[in-house]
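One file, run-v1.cif, carrying mmCIF, C-alpha atoms:
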data_entry
loop_
_atom_site.group_PDB
_atom_site.id
_atom_site.type_symbol
_atom_site.label_atom_id
_atom_site.label_comp_id
_atom_site.auth_asym_id
_atom_site.auth_seq_id
_atom_site.Cartn_x
_atom_site.Cartn_y
_atom_site.Cartn_z
ATOM 1 C CA MET A 300 46.380 0.224 12.066
ATOM 2 C CA VAL A 301 43.166 1.963 11.013
ATOM 3 C CA ASP A 302 41.147 3.616 13.771
ATOM 4 C CA THR A 303 37.551 2.488 13.422
ATOM 5 C CA LEU A 304 34.783 4.999 13.907
ATOM 6 C CA LYS A 305 32.446 3.963 16.651
ATOM 7 C CA LEU A 306 28.822 4.639 15.905
ATOM 8 C CA SER A 307 27.400 6.430 18.882
ATOM 9 C CA PRO A 308 24.628 8.950 19.368
ATOM 10 C CA GLU A 309 27.233 11.712 19.516
ATOM 11 C CA VAL A 310 28.622 10.775 16.095
ATOM 12 C CA LEU A 311 25.399 9.901 14.259
ATOM 13 C CA PRO A 312 22.361 11.350 16.002
ATOM 14 C CA MET A 313 19.163 9.459 15.415
ATOM 15 C CA PRO A 314 16.490 11.396 13.583
ATOM 16 C CA ARG A 315 13.739 12.717 15.769
ATOM 17 C CA THR A 316 10.649 10.586 15.523
ATOM 18 C CA ARG A 317 7.173 11.267 16.736
ATOM 19 C CA PRO A 318 3.921 9.356 16.824
ATOM 20 C CA PRO A 319 1.706 9.699 13.749
ATOM 21 C CA TYR A 320 -0.588 12.679 13.594
ATOM 22 C CA SER A 321 -4.126 11.951 14.706
ATOM 23 C CA PRO A 322 -6.892 11.684 12.109
ATOM 24 C CA GLU A 323 -8.572 14.732 13.714
ATOM 25 C CA PHE A 324 -5.425 16.828 13.288
ATOM 26 C CA ARG A 325 -5.063 15.729 9.652
ATOM 27 C CA ARG A 326 -8.727 16.551 9.019
ATOM 28 C CA GLN A 327 -8.215 20.036 10.489
ATOM 29 C CA MET A 328 -5.199 20.626 8.235
ATOM 30 C CA VAL A 329 -7.205 19.475 5.198
ATOM 31 C CA ASP A 330 -10.077 21.787 6.158
ATOM 32 C CA LEU A 331 -7.693 24.739 6.565
ATOM 33 C CA VAL A 332 -6.173 24.121 3.117
ATOM 34 C CA ARG A 333 -9.624 23.850 1.572
ATOM 35 C CA ALA A 334 -10.538 27.123 3.293
ATOM 36 C CA GLY A 335 -7.673 28.814 1.419
ATOM 37 C CA ARG A 336 -4.639 28.437 3.692
ATOM 38 C CA ASN A 337 -1.299 27.636 2.078
ATOM 39 C CA PRO A 338 0.178 24.237 3.129
ATOM 40 C CA ASP A 339 3.638 25.798 3.504
ATOM 41 C CA ASP A 340 2.255 28.481 5.837
ATOM 42 C CA LEU A 341 0.537 25.781 7.884
ATOM 43 C CA ALA A 342 3.794 23.822 7.975
ATOM 44 C CA ARG A 343 5.601 26.822 9.479
ATOM 45 C CA GLU A 344 2.823 27.361 12.004
ATOM 46 C CA PHE A 345 2.349 23.683 12.913
ATOM 47 C CA GLU A 346 4.814 20.801 12.850
ATOM 48 C CA PRO A 347 4.047 18.697 9.724
ATOM 49 C CA SER A 348 5.773 19.501 6.457
ATOM 50 C CA GLY A 349 3.981 21.207 3.612
ATOM 51 C CA HIS A 350 4.489 18.049 1.564
ATOM 52 C CA SER A 351 2.702 15.964 4.217
ATOM 53 C CA ILE A 352 -0.204 18.398 4.363
ATOM 54 C CA ARG A 353 -0.576 18.372 0.561
ATOM 55 C CA ALA A 354 -0.524 14.539 0.629
ATOM 56 C CA TRP A 355 -3.276 14.546 3.266
ATOM 57 C CA VAL A 356 -5.397 16.859 1.101
ATOM 58 C CA ALA A 357 -4.865 14.664 -1.977
ATOM 59 C CA GLN A 358 -5.725 11.539 0.013
ATOM 60 C CA ALA A 359 -8.886 13.163 1.386
ATOM 61 C CA ASP A 360 -9.858 14.307 -2.115
ATOM 62 C CA ARG A 361 -9.452 10.779 -3.487
ATOM 63 C CA HIS A 362 -11.333 9.275 -0.561
ATOM 64 C CA GLU A 363 -14.228 11.706 -1.024
ATOM 65 C CA GLY A 364 -14.249 11.391 -4.823
ATOM 66 C CA ARG A 365 -13.277 15.040 -5.348
ATOM 67 C CA ARG A 366 -10.022 14.483 -7.187
ATOM 68 C CA GLU A 367 -10.127 14.128 -10.949
ATOM 69 C CA GLU A 368 -6.814 12.722 -12.127
ATOM 70 C CA VAL A 369 -5.451 11.396 -15.390
ATOM 71 C CA THR A 370 -4.819 8.133 -13.542
ATOM 72 C CA PRO A 371 -7.372 8.212 -10.752
ATOM 73 C CA GLY A 372 -6.299 6.853 -7.395
ATOM 74 C CA LEU A 373 -8.285 4.338 -5.454
ATOM 75 C CA THR A 374 -10.319 5.053 -2.371
ATOM 76 C CA ALA A 375 -9.439 3.124 0.763
ATOM 77 C CA ALA A 376 -12.454 0.837 0.253
ATOM 78 C CA GLU A 377 -11.479 0.161 -3.373
ATOM 79 C CA ARG A 378 -7.881 -0.552 -2.354
ATOM 80 C CA ASP A 379 -9.089 -3.002 0.321
ATOM 81 C CA GLU A 380 -11.381 -4.729 -2.168
ATOM 82 C CA LEU A 381 -8.593 -4.955 -4.750
ATOM 83 C CA THR A 382 -6.280 -6.543 -2.171
ATOM 84 C CA ARG A 383 -8.984 -9.018 -1.171
ATOM 85 C CA LEU A 384 -9.744 -9.918 -4.806
ATOM 86 C CA ARG A 385 -6.058 -10.407 -5.647
ATOM 87 C CA ARG A 386 -5.658 -12.698 -2.631
ATOM 88 C CA GLU A 387 -8.777 -14.656 -3.642
ATOM 89 C CA ASN A 388 -7.570 -14.893 -7.253
ATOM 90 C CA LYS A 389 -4.211 -16.272 -6.102
ATOM 91 C CA GLN A 390 -5.945 -18.878 -3.932
ATOM 92 C CA LEU A 391 -8.264 -19.931 -6.770
ATOM 93 C CA ARG A 392 -5.327 -20.336 -9.169
ATOM 94 C CA LEU A 393 -3.524 -22.488 -6.628
ATOM 95 C CA GLU A 394 -6.609 -24.661 -6.125
ATOM 96 C CA ARG A 395 -7.128 -24.973 -9.894
ATOM 97 C CA ASP A 396 -3.515 -26.085 -10.376
ATOM 98 C CA ILE A 397 -3.810 -28.653 -7.593
ATOM 99 C CA LEU A 398 -7.053 -30.042 -9.021
ATOM 100 C CA SER A 399 -5.606 -30.155 -12.528
ATOM 101 C CA LYS A 400 -2.566 -32.120 -11.344
ATOM 102 C CA ALA A 401 -4.732 -34.433 -9.249
ATOM 103 C CA ALA A 402 -7.060 -35.098 -12.194
ATOM 104 C CA ALA A 403 -4.092 -35.880 -14.451
ATOM 105 C CA TRP A 404 -2.616 -38.225 -11.823
ATOM 106 C CA PHE A 405 -5.902 -40.089 -11.334
ATOM 107 C CA ALA A 406 -6.388 -40.346 -15.085
ATOM 108 C CA ARG A 407 -2.942 -41.909 -15.492
ATOM 109 C CA GLU A 408 -3.549 -44.301 -12.570
ATOM 110 C CA THR A 409 -6.822 -45.526 -14.020
ATOM 111 C CA GLY A 410 -5.410 -45.772 -17.533
ATOM 112 C CA THR A 411 -7.803 -43.197 -18.981
ATOM 113 C CA LEU A 412 -4.897 -41.155 -20.365
ATOM 114 C CA PRO A 413 -1.680 -42.571 -21.792
ATOM 115 C CA SER A 414 1.292 -41.675 -19.602
ATOM 116 C CA GLY A 415 3.355 -38.751 -20.828
ATOM 117 C CA SER A 416 0.395 -36.604 -21.843
ATOM 118 C CA SER A 417 0.406 -33.124 -20.425
ATOM 119 C CA GLY A 418 -2.024 -32.201 -17.717
ATOM 120 C CA SER A 419 -2.858 -28.828 -19.207
#

Structure encoded using structure tokens:
Amino acid sequence: MVDTLKLSPEVLPMPRTRPPYSPEFRRQMVDLVRAGRNPDDLAREFEPSGHSIRAWVAQADRHEGRREEVTPGLTAAERDELTRLRRENKQLRLERDILSKAAAWFARETGTLPSGSSGS
């Protein structure tokens, strides 16, 4: 008989989690990096990783239009607008397809189109 391993906190400890850093704290880290501090030094002094701090700086740069990239990122407002436009585009396509099928059905019912013709 095989002894099964019970999963308990003693065997597999859960990773430590913490609430997200406040926007004010992130802003302070970004300001310190822009003032010349190294993200890795800040990571040793404060809790977030150097990678997180660099990501915050990059995000702030994109948001403020400072970052020039080969493939420029979107600001938060642009990302929101893109999401809204994609949702609207999907809805309009759905409505167009419904109207197209309804028009084809009505045309067949009234004898305007011979049956078997495509509705596209």

* Contacts of region 329-335 of chain A at 12 Å (all atoms listed in the file; same-chain gap of 6+ positions) as a PyMOL selection string -> chain A and resi 322-323+341-342+345+349+351-360+365

Quick one: write out the picked residues with C-alpha atoms as a short mmCIF file (atom, residue, chain, number, x, y, z; two decimals), in the coordinates of the input?
data_model
loop_
_atom_site.label_atom_id
_atom_site.label_comp_id
_atom_site.auth_asym_id
_atom_site.auth_seq_id
_atom_site.Cartn_x
_atom_site.Cartn_y
_atom_site.Cartn_z
CA PRO A 322 -6.89 11.68 12.11
CA GLU A 323 -8.57 14.73 13.71
CA LEU A 341 0.54 25.78 7.88
CA ALA A 342 3.79 23.82 7.98
CA PHE A 345 2.35 23.68 12.91
CA GLY A 349 3.98 21.21 3.61
CA SER A 351 2.70 15.96 4.22
CA ILE A 352 -0.20 18.40 4.36
CA ARG A 353 -0.58 18.37 0.56
CA ALA A 354 -0.52 14.54 0.63
CA TRP A 355 -3.28 14.55 3.27
CA VAL A 356 -5.40 16.86 1.10
CA ALA A 357 -4.86 14.66 -1.98
CA GLN A 358 -5.72 11.54 0.01
CA ALA A 359 -8.89 13.16 1.39
CA ASP A 360 -9.86 14.31 -2.12
CA ARG A 365 -13.28 15.04 -5.35
#

* **CA of Arg361 (chain A) to CA of Arg378 (chain A), distance in Å rounded to a single decimal** => 11.5 Å

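Here CA of Ser321 (chain A) and CA of Asp339 (chain A) stand 19.4 Å from one another.
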
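For the pair CA of His350 (chain A) and CA of Met328 (chain A), the interatomic distance is 12.0 Å.
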
With all atoms of region 384-391 of chain A from the file as input, state the centre and edge lengths in Å to one decimal of the axis-aligned box that has 8 Å extra on each side, as lines of an AutoDock Vina configuration file.
center_x = -7.0
center_y = -14.9
center_z = -4.9
size_x = 21.5
size_y = 26.0
size_z = 20.6

* Can you pull out every residue within 10 Å of Tyr320 (chain A), counting all atoms listed in the file, but drop anything in the same chain fewer than 3 positions away, and send it as a PyMOL selection string? => chain A and resi 317+323-325+346-347
